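A.B. asks: Compact mmCIF, C-alpha atoms and all ligand atoms, file target.txt:
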```txt
# COMPACT_ATOMS: atom_id res chain seq x y z
CA MET A 1 3.03 -77.70 -41.21
CA ILE A 2 0.28 -77.47 -43.80
CA GLY A 3 1.27 -73.95 -44.94
CA CYS A 4 4.63 -75.38 -46.05
CA GLU A 5 2.90 -78.36 -47.69
CA HIS A 6 0.51 -76.14 -49.66
CA GLY A 7 3.23 -73.59 -50.51
CA ARG A 8 5.57 -76.25 -51.93
CA ARG A 9 2.70 -77.86 -53.82
CA ILE A 10 1.58 -74.63 -55.47
CA ALA A 11 5.13 -73.54 -56.35
CA HIS A 12 6.60 -76.88 -57.43
CA VAL A 13 3.84 -79.37 -58.31
CA LEU A 14 0.65 -77.73 -59.49
CA SER A 15 -0.04 -75.81 -62.71
CA ASP A 16 -1.00 -72.22 -63.50
CA ALA A 17 -0.19 -70.68 -60.11
CA ASP A 18 2.83 -69.58 -58.13
CA VAL A 19 3.52 -68.41 -54.58
CA VAL A 20 4.54 -64.74 -54.78
CA ALA A 21 4.42 -63.90 -51.07
CA VAL A 22 4.30 -65.62 -47.68
CA THR A 23 3.85 -64.37 -44.13
CA ASP A 24 3.80 -65.85 -40.63
CA ALA A 25 3.42 -64.44 -37.11
CA TYR A 26 6.84 -66.05 -36.55
CA PRO A 27 8.92 -64.33 -39.27
CA ASP A 28 11.63 -67.00 -39.40
CA ALA A 29 9.00 -69.55 -40.44
CA ALA A 30 8.03 -67.35 -43.41
CA LYS A 31 11.68 -66.82 -44.34
CA GLN A 32 12.41 -70.55 -44.22
CA LEU A 33 9.51 -71.36 -46.52
CA ALA A 34 10.29 -68.48 -48.89
CA ALA A 35 13.86 -69.79 -49.23
CA GLU A 36 12.45 -73.03 -50.69
CA LEU A 37 10.18 -71.31 -53.21
CA PRO A 38 11.55 -69.68 -56.37
CA ASN A 39 9.46 -66.49 -56.45
CA ALA A 40 8.14 -65.88 -52.92
CA ALA A 41 8.74 -62.61 -51.09
CA VAL A 42 8.22 -62.34 -47.32
CA ARG A 43 5.57 -59.90 -46.10
CA ALA A 44 5.45 -58.60 -42.52
CA THR A 45 1.74 -59.20 -41.90
CA GLY A 46 -1.24 -60.97 -43.36
CA GLU A 47 -2.91 -57.65 -44.07
CA GLU A 48 0.14 -56.48 -46.05
CA LEU A 49 0.20 -59.71 -48.02
CA ILE A 50 -3.50 -59.55 -48.85
CA ALA A 51 -3.19 -55.90 -50.01
CA ASP A 52 -0.17 -56.74 -52.22
CA GLU A 53 -1.07 -56.03 -55.87
CA THR A 54 0.88 -59.06 -57.08
CA VAL A 55 -1.33 -61.33 -54.94
CA ASP A 56 -4.39 -62.57 -56.87
CA ALA A 57 -5.64 -65.07 -54.31
CA VAL A 58 -4.88 -66.03 -50.72
CA VAL A 59 -4.29 -69.32 -48.87
CA ILE A 60 -4.81 -69.22 -45.07
CA THR A 61 -3.02 -71.88 -43.03
CA SER A 62 -2.67 -70.20 -39.65
CA PRO A 63 -4.43 -71.83 -36.64
CA ALA A 64 -8.23 -71.57 -36.56
CA SER A 65 -8.13 -68.60 -34.18
CA ALA A 66 -6.32 -66.62 -36.90
CA HIS A 67 -8.61 -67.42 -39.85
CA GLU A 68 -11.44 -64.91 -39.45
CA GLU A 69 -9.42 -61.68 -39.74
CA TYR A 70 -7.57 -62.82 -42.87
CA ALA A 71 -10.60 -64.43 -44.52
CA ILE A 72 -12.58 -61.21 -44.13
CA ALA A 73 -9.67 -59.04 -45.32
CA ALA A 74 -9.32 -61.19 -48.45
CA ILE A 75 -13.08 -61.22 -49.13
CA GLU A 76 -13.31 -57.44 -48.68
CA SER A 77 -10.43 -57.03 -51.15
CA GLY A 78 -12.39 -59.15 -53.64
CA LYS A 79 -9.63 -61.79 -53.63
CA PRO A 80 -10.52 -65.49 -53.69
CA VAL A 81 -9.40 -67.23 -50.51
CA PHE A 82 -8.66 -70.84 -49.65
CA CYS A 83 -8.97 -71.25 -45.88
CA GLU A 84 -7.86 -74.37 -44.06
CA LYS A 85 -10.35 -76.15 -41.81
CA PRO A 86 -11.89 -75.45 -39.37
CA LEU A 87 -13.29 -72.33 -41.02
CA ALA A 88 -12.89 -70.34 -37.79
CA SER A 89 -12.67 -70.85 -34.06
CA GLY A 90 -16.37 -70.41 -33.31
CA GLU A 91 -19.83 -70.42 -34.84
CA ARG A 92 -20.07 -66.64 -34.51
CA ALA A 93 -16.81 -66.12 -36.43
CA CYS A 94 -18.07 -68.47 -39.17
CA ARG A 95 -21.24 -66.40 -39.47
CA THR A 96 -19.20 -63.18 -39.67
CA ILE A 97 -17.17 -64.65 -42.53
CA MET A 98 -20.36 -65.76 -44.30
CA ALA A 99 -21.88 -62.29 -43.86
CA ALA A 100 -18.81 -60.68 -45.45
CA GLU A 101 -19.03 -63.07 -48.38
CA VAL A 102 -22.80 -62.66 -48.77
CA ALA A 103 -22.26 -58.87 -48.90
CA THR A 104 -20.14 -59.35 -52.06
CA GLY A 105 -23.01 -61.30 -53.65
CA ARG A 106 -20.79 -64.21 -54.70
CA ARG A 107 -18.68 -67.04 -53.38
CA LEU A 108 -15.02 -66.18 -52.82
CA LEU A 109 -14.02 -68.65 -50.09
CA GLN A 110 -13.23 -72.36 -50.16
CA VAL A 111 -12.63 -74.40 -47.01
CA GLY A 112 -9.90 -77.07 -46.93
CA PHE A 113 -12.10 -80.14 -46.58
CA MET A 114 -9.79 -82.14 -48.85
CA ARG A 115 -11.43 -85.52 -48.27
CA ARG A 116 -14.05 -84.52 -50.84
CA TYR A 117 -11.24 -84.66 -53.44
CA ASP A 118 -9.73 -87.97 -52.31
CA PRO A 119 -10.13 -90.64 -55.03
CA ALA A 120 -11.26 -93.31 -52.53
CA TYR A 121 -13.98 -91.07 -51.06
CA ARG A 122 -15.07 -90.07 -54.56
CA ALA A 123 -15.38 -93.73 -55.55
CA LEU A 124 -17.40 -94.42 -52.39
CA LYS A 125 -19.75 -91.52 -53.16
CA GLN A 126 -20.17 -92.70 -56.75
CA THR A 127 -21.08 -96.18 -55.46
CA LEU A 128 -23.74 -94.68 -53.18
CA ASP A 129 -25.08 -92.37 -55.89
CA ASP A 130 -25.29 -95.32 -58.30
CA GLY A 131 -27.59 -97.09 -55.83
CA ALA A 132 -25.34 -100.17 -55.62
CA ILE A 133 -26.19 -100.82 -51.94
CA GLY A 134 -29.57 -99.10 -51.75
CA ARG A 135 -30.33 -96.27 -49.37
CA PRO A 136 -27.59 -95.68 -46.77
CA LEU A 137 -28.65 -96.70 -43.25
CA ILE A 138 -25.43 -96.43 -41.20
CA TYR A 139 -22.09 -94.75 -41.90
CA HIS A 140 -18.99 -95.72 -39.90
CA SER A 141 -16.24 -93.08 -40.06
CA THR A 142 -12.99 -94.05 -38.36
CA HIS A 143 -10.28 -91.47 -37.70
CA ARG A 144 -7.13 -93.00 -36.19
CA THR A 145 -3.82 -91.20 -35.96
CA THR A 146 -0.30 -91.89 -34.72
CA ALA A 147 -0.16 -89.15 -32.10
CA ALA A 148 -2.23 -86.05 -31.48
CA PRO A 149 -0.19 -82.85 -31.24
CA GLN A 150 0.95 -82.25 -27.63
CA THR A 151 -0.98 -78.99 -27.52
CA TRP A 152 -4.34 -80.60 -28.21
CA SER A 153 -7.04 -80.67 -25.53
CA GLY A 154 -10.09 -82.96 -25.42
CA ASP A 155 -12.16 -80.51 -27.40
CA MET A 156 -9.72 -80.48 -30.31
CA ALA A 157 -10.35 -84.15 -31.00
CA ILE A 158 -13.79 -82.97 -32.10
CA ILE A 159 -13.08 -79.49 -33.42
CA ASP A 160 -9.89 -80.27 -35.32
CA ALA A 161 -10.11 -84.01 -36.12
CA ALA A 162 -13.77 -85.15 -36.19
CA VAL A 163 -14.67 -82.00 -38.14
CA HIS A 164 -13.34 -83.84 -41.22
CA ASP A 165 -15.66 -86.77 -40.48
CA PHE A 166 -18.65 -84.44 -40.07
CA ASP A 167 -18.00 -82.76 -43.40
CA ILE A 168 -17.34 -85.95 -45.36
CA SER A 169 -20.46 -87.60 -43.90
CA ARG A 170 -22.64 -84.66 -44.98
CA TRP A 171 -21.07 -84.79 -48.44
CA LEU A 172 -21.39 -88.56 -48.85
CA LEU A 173 -24.98 -88.71 -47.61
CA GLY A 174 -26.22 -85.34 -48.91
CA GLU A 175 -27.94 -84.66 -45.57
CA GLU A 176 -27.62 -82.50 -42.49
CA PHE A 177 -27.26 -83.77 -38.93
CA THR A 178 -30.04 -83.36 -36.38
CA THR A 179 -28.40 -84.61 -33.14
CA ILE A 180 -25.04 -85.70 -31.76
CA GLN A 181 -24.02 -87.66 -28.68
CA VAL A 182 -20.49 -88.44 -27.56
CA ARG A 183 -19.06 -91.25 -25.44
CA ALA A 184 -15.59 -91.12 -23.96
CA GLY A 185 -14.73 -94.62 -22.81
CA LYS A 186 -11.59 -95.95 -21.21
CA GLN A 187 -8.80 -93.41 -21.44
CA ASN A 188 -5.69 -94.04 -23.56
CA SER A 189 -2.39 -93.10 -21.87
CA HIS A 190 -2.50 -89.43 -22.91
CA GLU A 191 -3.90 -86.14 -21.67
CA LEU A 192 -6.38 -85.86 -24.55
CA ARG A 193 -9.93 -87.21 -24.12
CA ASP A 194 -9.11 -90.14 -26.34
CA PRO A 195 -10.63 -92.23 -27.82
CA LEU A 196 -14.11 -90.83 -28.49
CA VAL A 197 -17.18 -92.35 -30.13
CA LEU A 198 -19.60 -89.82 -31.62
CA ILE A 199 -23.08 -90.90 -32.72
CA LEU A 200 -25.02 -88.59 -35.01
CA ASP A 201 -28.46 -88.76 -36.63
CA THR A 202 -29.23 -87.22 -40.02
CA THR A 203 -32.48 -85.66 -41.21
CA SER A 204 -33.64 -88.91 -42.90
CA GLY A 205 -32.52 -91.07 -39.94
CA VAL A 206 -29.13 -92.36 -41.11
CA VAL A 207 -26.94 -93.09 -38.06
CA VAL A 208 -23.33 -91.91 -38.39
CA VAL A 209 -20.78 -93.39 -35.98
CA VAL A 210 -17.45 -91.56 -35.78
CA GLU A 211 -14.49 -92.96 -33.85
CA THR A 212 -11.53 -90.72 -33.08
CA SER A 213 -8.51 -92.62 -31.73
CA LEU A 214 -5.68 -90.15 -31.96
CA ASN A 215 -2.77 -91.76 -30.11
CA LEU A 216 -2.49 -95.27 -31.51
CA GLY A 217 1.17 -95.04 -32.49
CA TYR A 218 1.00 -97.18 -35.63
CA GLY A 219 -0.05 -94.74 -38.33
CA TYR A 220 -2.73 -92.56 -39.87
CA ASP A 221 -5.62 -94.89 -40.55
CA ILE A 222 -8.76 -93.41 -42.06
CA ARG A 223 -11.69 -95.70 -42.78
CA GLY A 224 -15.26 -95.31 -43.94
CA GLU A 225 -17.98 -97.87 -44.50
CA VAL A 226 -21.61 -97.40 -45.43
CA VAL A 227 -24.24 -100.00 -44.56
CA GLY A 228 -27.06 -99.80 -47.08
CA GLU A 229 -30.40 -101.56 -47.58
CA PHE A 230 -28.83 -104.53 -49.35
CA GLY A 231 -25.08 -104.25 -49.04
CA THR A 232 -22.07 -102.36 -47.74
CA ALA A 233 -19.51 -100.12 -49.40
CA ALA A 234 -16.18 -99.13 -47.87
CA LEU A 235 -13.26 -96.88 -48.71
CA ALA A 236 -10.77 -98.86 -50.76
CA ASP A 237 -7.84 -99.91 -48.60
CA PRO A 238 -5.21 -101.10 -51.07
CA GLY A 239 -2.52 -103.46 -49.87
CA ARG A 240 -2.77 -102.76 -46.16
CA ALA A 241 -1.84 -105.12 -43.34
CA LEU A 242 -4.59 -106.92 -41.47
CA VAL A 243 -2.87 -106.27 -38.15
CA ARG A 244 -2.16 -102.68 -37.27
CA SER A 245 -0.01 -102.15 -34.20
CA ALA A 246 2.61 -99.76 -32.89
CA ARG A 247 4.64 -102.83 -31.87
CA VAL A 248 4.91 -104.75 -35.12
CA ARG A 249 6.65 -103.86 -38.36
CA ASP A 250 4.68 -101.24 -40.27
CA LEU A 251 3.11 -102.95 -43.26
CA GLY A 252 1.89 -100.01 -45.20
CA THR A 253 -0.31 -97.73 -43.13
CA PRO A 254 0.45 -94.08 -43.97
CA ARG A 255 2.32 -92.24 -41.21
CA GLY A 256 0.37 -89.01 -41.48
CA TRP A 257 -2.17 -86.89 -43.32
CA GLN A 258 0.57 -85.60 -45.64
CA GLU A 259 0.97 -89.09 -47.10
CA ARG A 260 -2.61 -90.42 -46.89
CA PHE A 261 -4.17 -87.40 -48.55
CA ALA A 262 -1.33 -86.33 -50.89
CA ASP A 263 -3.47 -86.87 -53.98
CA ALA A 264 -6.46 -85.18 -52.37
CA TYR A 265 -4.44 -82.02 -51.59
CA ASP A 266 -3.11 -81.93 -55.17
CA ILE A 267 -6.57 -82.31 -56.69
CA GLU A 268 -8.19 -79.92 -54.20
CA LEU A 269 -5.72 -77.07 -54.73
CA GLN A 270 -5.55 -77.54 -58.50
CA ALA A 271 -9.36 -77.37 -58.66
CA TRP A 272 -9.27 -74.18 -56.57
CA ILE A 273 -6.57 -72.63 -58.81
CA ASP A 274 -8.55 -73.55 -61.93
CA ALA A 275 -11.72 -72.00 -60.49
CA VAL A 276 -9.87 -68.82 -59.52
CA ARG A 277 -8.29 -68.52 -62.97
CA ALA A 278 -11.70 -69.05 -64.58
CA GLY A 279 -13.03 -66.12 -62.52
CA GLU A 280 -15.40 -68.36 -60.57
CA GLY A 281 -14.28 -67.27 -57.10
CA ALA A 282 -14.71 -70.61 -55.38
CA THR A 283 -16.49 -73.83 -56.31
CA GLY A 284 -15.39 -76.31 -53.58
CA PRO A 285 -16.50 -76.67 -49.95
CA SER A 286 -18.01 -73.34 -48.93
CA ALA A 287 -18.14 -71.07 -45.90
CA TRP A 288 -21.59 -72.60 -45.32
CA ASP A 289 -19.98 -76.06 -45.15
CA GLY A 290 -17.42 -74.64 -42.72
CA TYR A 291 -20.18 -73.09 -40.62
CA VAL A 292 -22.22 -76.33 -40.48
CA ALA A 293 -19.17 -78.37 -39.48
CA GLN A 294 -18.44 -75.85 -36.73
CA VAL A 295 -22.01 -76.00 -35.40
CA VAL A 296 -21.84 -79.81 -35.32
CA SER A 297 -18.44 -79.62 -33.56
CA GLU A 298 -19.75 -77.24 -30.91
CA ALA A 299 -22.82 -79.42 -30.33
CA GLY A 300 -20.40 -82.36 -30.02
CA ILE A 301 -18.37 -80.57 -27.36
CA THR A 302 -21.54 -79.81 -25.39
CA ALA A 303 -22.52 -83.48 -25.74
CA LEU A 304 -19.07 -84.64 -24.60
CA HIS A 305 -19.27 -82.57 -21.42
CA SER A 306 -22.96 -83.22 -20.66
CA GLY A 307 -23.15 -86.88 -21.65
CA GLU A 308 -26.52 -86.09 -23.28
CA PRO A 309 -27.62 -85.97 -26.94
CA VAL A 310 -27.50 -82.39 -28.27
CA ALA A 311 -29.54 -80.96 -31.15
CA VAL A 312 -27.71 -79.54 -34.17
CA GLU A 313 -29.40 -76.23 -34.94
CA LEU A 314 -28.56 -74.36 -38.12
CA ILE A 315 -29.58 -70.95 -39.45
CA GLU A 316 -31.17 -70.80 -42.89
CA ALA A 317 -28.57 -71.05 -45.64
CA PRO A 318 -27.97 -67.72 -47.41
CA GLY A 319 -28.86 -67.83 -51.10
CA ILE A 320 -25.29 -67.82 -52.43
CA TYR A 321 -24.72 -71.23 -50.81
CA GLU A 322 -27.75 -73.01 -52.27
N1 LIG B 401 -6.83 -80.22 -44.16
C1 LIG B 401 -5.98 -80.90 -43.43
O1 LIG B 401 -5.81 -82.09 -43.57
C2 LIG B 401 -5.17 -80.19 -42.38
C3 LIG B 401 -4.00 -80.78 -41.89
C4 LIG B 401 -3.25 -80.06 -40.96
C5 LIG B 401 -3.67 -78.83 -40.52
N2 LIG B 401 -4.82 -78.30 -41.00
C6 LIG B 401 -5.30 -76.99 -40.54
O2 LIG B 401 -4.37 -75.99 -40.97
C7 LIG B 401 -4.25 -74.99 -39.97
C8 LIG B 401 -2.80 -74.91 -39.53
O3 LIG B 401 -2.42 -76.13 -38.98
P1 LIG B 401 -0.87 -76.56 -38.85
O4 LIG B 401 -0.90 -77.91 -38.27
O5 LIG B 401 -0.18 -76.34 -40.14
O6 LIG B 401 -0.39 -75.53 -37.75
P2 LIG B 401 1.09 -75.02 -37.45
O7 LIG B 401 1.07 -74.61 -36.02
O8 LIG B 401 2.10 -76.02 -37.91
O9 LIG B 401 1.24 -73.73 -38.37
C9 LIG B 401 0.51 -72.56 -38.13
C10 LIG B 401 1.41 -71.37 -38.47
O10 LIG B 401 0.62 -70.18 -38.34
C11 LIG B 401 1.43 -69.19 -37.71
N3 LIG B 401 0.53 -68.23 -37.08
C12 LIG B 401 -0.07 -68.31 -35.86
N4 LIG B 401 -0.86 -67.23 -35.65
C13 LIG B 401 -0.74 -66.44 -36.74
C14 LIG B 401 -1.29 -65.19 -37.11
N5 LIG B 401 -2.15 -64.54 -36.32
N6 LIG B 401 -0.93 -64.66 -38.31
C15 LIG B 401 -0.06 -65.30 -39.12
N7 LIG B 401 0.49 -66.49 -38.82
C16 LIG B 401 0.15 -67.06 -37.65
C17 LIG B 401 2.30 -69.97 -36.74
O11 LIG B 401 3.47 -69.22 -36.40
C18 LIG B 401 2.62 -71.22 -37.55
O12 LIG B 401 3.79 -71.09 -38.33
C19 LIG B 401 -5.22 -75.37 -38.85
O13 LIG B 401 -6.44 -74.70 -39.05
C20 LIG B 401 -5.37 -76.87 -39.03
O14 LIG B 401 -6.59 -77.39 -38.53
C21 LIG B 401 -5.55 -78.95 -41.94
```
The structure given in the file should be rewritten as structure tokens.
Ligand SMILES: NC(=O)c1ccc[n+]([C@@H]2O[C@H](COP(=O)([O-])OP(=O)(O)OC[C@H]3O[C@@H](n4cnc5c(N)ncnc54)[C@H](O)[C@@H]3O)[C@@H](O)[C@H]2O)c1

C.D. replies:
Amino acid sequence: MIGCEHGRRIAHVLSDADVVAVTDAYPDAAKQLAAELPNAAVRATGEELIADETVDAVVITSPASAHEEYAIAAIESGKPVFCEKPLASGERACRTIMAAEVATGRRLLQVGFMRRYDPAYRALKQTLDDGAIGRPLIYHSTHRTTAAPQTWSGDMAIIDAAVHDFDISRWLLGEEFTTIQVRAGKQNSHELRDPLVLILDTTSGVVVVVETSLNLGYGYDIRGEVVGEFGTAALADPGRALVRSARVRDLGTPRGWQERFADAYDIELQAWIDAVRAGEGATGPSAWDGYVAQVVSEAGITALHSGEPVAVELIEAPGIYE
């Protein structure tokens, strides 16, 4: 899915970059995408693609379990790499990627936390930074989708969906989390543990409440609202219906992430391309951000299964991420 989205964007929409090679474990998928792109060759493996002299920078959009090997291969080749979220499929793999990057002495990797580039989130952050509602006290982050992929298990609601909410909360508030607890209430009519309510505390005591409801049928509905000392600020929600239901006419809720975050993906990838062309390696969300989000996710999974609050424990940030 997102590999095709990013490939088409880079080749057809964005400036100053092109897709010169694609690969996929399922070769027909690579061939199909290459057929849509004017200058893309098909390479047999990720390693072959990364070693290709015509490849200046690498975009990884395989599943999380197949991020680490390619991220490290790209970093060790000195090639900037954009890696979709989650950074990798475990905390240890995230640390291995960070260690490879730290060994080069500079940032080369950006993680695909595109919400940081979304105009509505940027406006919300500006409002907070301007002090318009005073110090944030509570942040509500709502993550509702039409249908979770059939292959998802209960843990993926946290590791693949809520991971976006963890990252955007850290970015909006400028703080780390200290604890997480998770409540799974009444079950929706699906296999996934759905919906979930996740309650997190930050270092200064802000409470972040994340709701993941991933099988609501009506659309992709992302909300965020901060309660401050003397007011509230929410993500702009232009022209949406007041009633959202799978059983009434759709009145404007986006169907999926492709539509809701189209601008964010454009801005995110163009910023990455511009940084790469300027020789800056990477300037957006870092491997450290990917590592922190993974630690929070894993603490969340422990909390889901234990029913108890779980501490979020981070290593010290390596210097290149400060
Ligand atoms: N930022 C976002 O909003 C967003 C949205 C969707 C997906 N994602 C992330 O992007 C990644 C891919 O998600 P997707 O939904 O596009 O998945 P997908 O299953 O549609 O595509 C993954 C592709 O990777 C290929 N693949 C699997 N193992 C491979 C390997 N070892 N080497 C090479 N190719 C391999 C598969 O054949 C498949 O074509 C995930 O990490 C996901 O969390 C991010």

A.B. asks: Using only C-alpha atoms and all ligand atoms, which of the listed residues (A:Val22, A:Ala57, A:Met114, A:Ile97) sits closest to ligand LIG 401 (chain B)?

C.D. replies: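 Checking each candidate against ligand LIG 401 (chain B), we get A:Met114 as the closest.
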
A.B. asks: Which residues of chain A sit at most 9 Å from ligand LIG 401 (chain B), using only C-alpha atoms and all ligand atoms? Give each one's shortest atom pair and distance in Å (one decimal place), in chain and ascending residue order, as CSV.

C.D. replies:
```
residue,atom,partner,partner_atom,distance
A:Met1,CA,B:LIG401,O5,3.6
A:Ile2,CA,B:LIG401,O5,3.9
A:Gly3,CA,B:LIG401,O5,5.6
A:Cys4,CA,B:LIG401,O5,7.7
A:Glu5,CA,B:LIG401,O5,8.4
A:Thr23,CA,B:LIG401,C15,6.4
A:Asp24,CA,B:LIG401,N7,3.8
A:Ala25,CA,B:LIG401,N7,4.0
A:Tyr26,CA,B:LIG401,O11,4.6
A:Pro27,CA,B:LIG401,O11,7.9
A:Asp28,CA,B:LIG401,O12,8.9
A:Ala29,CA,B:LIG401,O12,5.8
A:Ala30,CA,B:LIG401,O12,7.6
A:Thr45,CA,B:LIG401,C15,6.9
A:Gly46,CA,B:LIG401,C15,6.2
A:Ile60,CA,B:LIG401,C7,7.7
A:Thr61,CA,B:LIG401,C7,4.5
A:Ser62,CA,B:LIG401,O10,3.5
A:Pro63,CA,B:LIG401,C19,4.2
A:Ala64,CA,B:LIG401,O13,4.4
A:Ser65,CA,B:LIG401,N5,7.5
A:Ala66,CA,B:LIG401,N5,4.7
A:His67,CA,B:LIG401,O13,7.6
A:Glu69,CA,B:LIG401,N5,8.5
A:Tyr70,CA,B:LIG401,N6,8.3
A:Cys83,CA,B:LIG401,O13,8.1
A:Glu84,CA,B:LIG401,O2,4.9
A:Lys85,CA,B:LIG401,O13,5.0
A:Pro86,CA,B:LIG401,O13,5.5
A:Leu87,CA,B:LIG401,O13,7.5
A:Ala88,CA,B:LIG401,O13,7.9
A:Ser89,CA,B:LIG401,O13,8.9
A:Val111,CA,B:LIG401,N1,8.7
A:Gly112,CA,B:LIG401,N1,5.2
A:Phe113,CA,B:LIG401,N1,5.8
A:Met114,CA,B:LIG401,N1,5.9
A:Arg115,CA,B:LIG401,O1,8.1
A:Pro149,CA,B:LIG401,O4,8.6
A:Ile159,CA,B:LIG401,O14,8.5
A:Asp160,CA,B:LIG401,O14,5.4
A:Ala161,CA,B:LIG401,O14,7.9
A:His164,CA,B:LIG401,N1,8.0
A:Trp257,CA,B:LIG401,O1,6.0
A:Gln258,CA,B:LIG401,O1,7.6
A:Phe261,CA,B:LIG401,O1,7.5
A:Tyr265,CA,B:LIG401,N1,8.0
```

A.B. asks: Between A:Trp152, A:Tyr291, A:Trp272, A:Tyr321, which has the minimum distance to A:Phe82 (counting all atoms listed in the file)?

C.D. replies: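 Of A:Trp152, A:Tyr291, A:Trp272, A:Tyr321, the one nearest A:Phe82, counting all atoms listed in the file, is A:Trp272.
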
A.B. asks: Report, in Å to a single decimal, how far apart atom CA of A:Ile320 and atom CA of A:Lys79 are.

C.D. replies: 16.8 Å

A.B. asks: Kindly assemble as a Markdown table a list of the stretch 182-292 of chain A residues that lie within 12 Å of stretch 12-21 of chain A, each paired with its nearest atom pair and their distance in Å to one decimal, using all atoms listed in the file, sorted first by chain and then by ascending residue number.

C.D. replies:
```
| residue | atom | partner | partner_atom | distance |
| --- | --- | --- | --- | --- |
| A:Ala262 | CA | A:Val13 | CA | 11.4 |
| A:Asp263 | CA | A:Val13 | CA | 11.3 |
| A:Tyr265 | CA | A:Leu14 | CA | 10.3 |
| A:Asp266 | CA | A:Leu14 | CA | 7.1 |
| A:Ile267 | CA | A:Leu14 | CA | 9.0 |
| A:Glu268 | CA | A:Leu14 | CA | 10.5 |
| A:Leu269 | CA | A:Leu14 | CA | 8.0 |
| A:Gln270 | CA | A:Leu14 | CA | 6.3 |
| A:Ala271 | CA | A:Leu14 | CA | 10.1 |
| A:Trp272 | CA | A:Ala17 | CA | 10.4 |
| A:Ile273 | CA | A:Ala17 | CA | 6.8 |
| A:Asp274 | CA | A:Asp16 | CA | 7.8 |
| A:Ala275 | CA | A:Asp16 | CA | 11.1 |
| A:Val276 | CA | A:Ala17 | CA | 9.9 |
| A:Arg277 | CA | A:Asp16 | CA | 8.2 |
| A:Ala278 | CA | A:Asp16 | CA | 11.2 |
```

A.B. asks: Calculated over only C-alpha atoms, which of the candidates A:Arg43, A:Arg223, A:His305, A:Arg255 has the smallest distance to A:Ala120?

C.D. replies: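 The closest residue to A:Ala120 is A:Arg223.
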
A.B. asks: Of the candidates A:Ala148, A:Val296, A:Val81, A:Ile180, which one gets nearest to A:Leu216 if we count all atoms listed in the file?

C.D. replies: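 Answer, going by the shortest atom-to-atom distance: A:Ala148.
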
A.B. asks: Name the residues within 10 Å of (-38.6, -99.4, -49.5), counting only C-alpha atoms in the file's coordinates, and put them as an MDAnalysis selection string.

C.D. replies: chainID A and resid 134:135 229

A.B. asks: Work out how far apart atom CA of A:Gly252 and atom CA of A:Thr212 are and give it in Å to one decimal.

C.D. replies: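 Those two atoms sit 20.3 Å apart.
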
A.B. asks: Which distance in Å separates atom CA of A:Arg193 and atom CA of A:Val207, to one decimal?

C.D. replies: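 Pair atom CA of A:Arg193 / atom CA of A:Val207 returns 22.8 Å.
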
A.B. asks: Ranking A:His190, A:Arg106, A:His6, A:Lys31 by minimum distance to A:Gln150 and counting only C-alpha atoms, which one comes first?

C.D. replies: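 Between A:His190, A:Arg106, A:His6, A:Lys31, the residue approaching A:Gln150 most closely is A:His190.
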
A.B. asks: Would you please work out which residue, of A:Asp194, A:Thr283, A:Trp288, A:Gly219, is nearest to A:Glu316 when using all atoms listed in the file?

C.D. replies: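 Closest to A:Glu316, using all atoms listed in the file: A:Trp288.
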
A.B. asks: Could you complete stretch 292-302 of chain A so that it carries N, CA and C atoms, and give it back as a compact mmCIF listing (two decimals), in the coordinates of the input?

C.D. replies:
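Writing the result to part-v7.txt gives the following:
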```
# COMPACT_ATOMS: atom_id res chain seq x y z
N VAL A 292 -21.46 -75.15 -40.95
CA VAL A 292 -22.22 -76.33 -40.48
C VAL A 292 -21.30 -77.25 -39.68
N ALA A 293 -20.09 -77.49 -40.19
CA ALA A 293 -19.17 -78.37 -39.48
C ALA A 293 -18.84 -77.81 -38.10
N GLN A 294 -18.74 -76.49 -38.01
CA GLN A 294 -18.44 -75.85 -36.73
C GLN A 294 -19.61 -76.01 -35.75
N VAL A 295 -20.83 -75.83 -36.26
CA VAL A 295 -22.01 -76.00 -35.40
C VAL A 295 -22.07 -77.44 -34.86
N VAL A 296 -21.81 -78.40 -35.75
CA VAL A 296 -21.84 -79.81 -35.32
C VAL A 296 -20.74 -80.05 -34.28
N SER A 297 -19.55 -79.47 -34.51
CA SER A 297 -18.44 -79.62 -33.56
C SER A 297 -18.82 -79.06 -32.19
N GLU A 298 -19.42 -77.87 -32.19
CA GLU A 298 -19.75 -77.24 -30.91
C GLU A 298 -20.85 -78.03 -30.19
N ALA A 299 -21.80 -78.56 -30.96
CA ALA A 299 -22.82 -79.42 -30.33
C ALA A 299 -22.14 -80.67 -29.77
N GLY A 300 -21.14 -81.18 -30.48
CA GLY A 300 -20.40 -82.36 -30.02
C GLY A 300 -19.66 -82.09 -28.72
N ILE A 301 -19.09 -80.91 -28.60
CA ILE A 301 -18.37 -80.57 -27.36
C ILE A 301 -19.36 -80.48 -26.19
N THR A 302 -20.50 -79.87 -26.43
CA THR A 302 -21.54 -79.81 -25.39
C THR A 302 -21.95 -81.23 -24.99
```
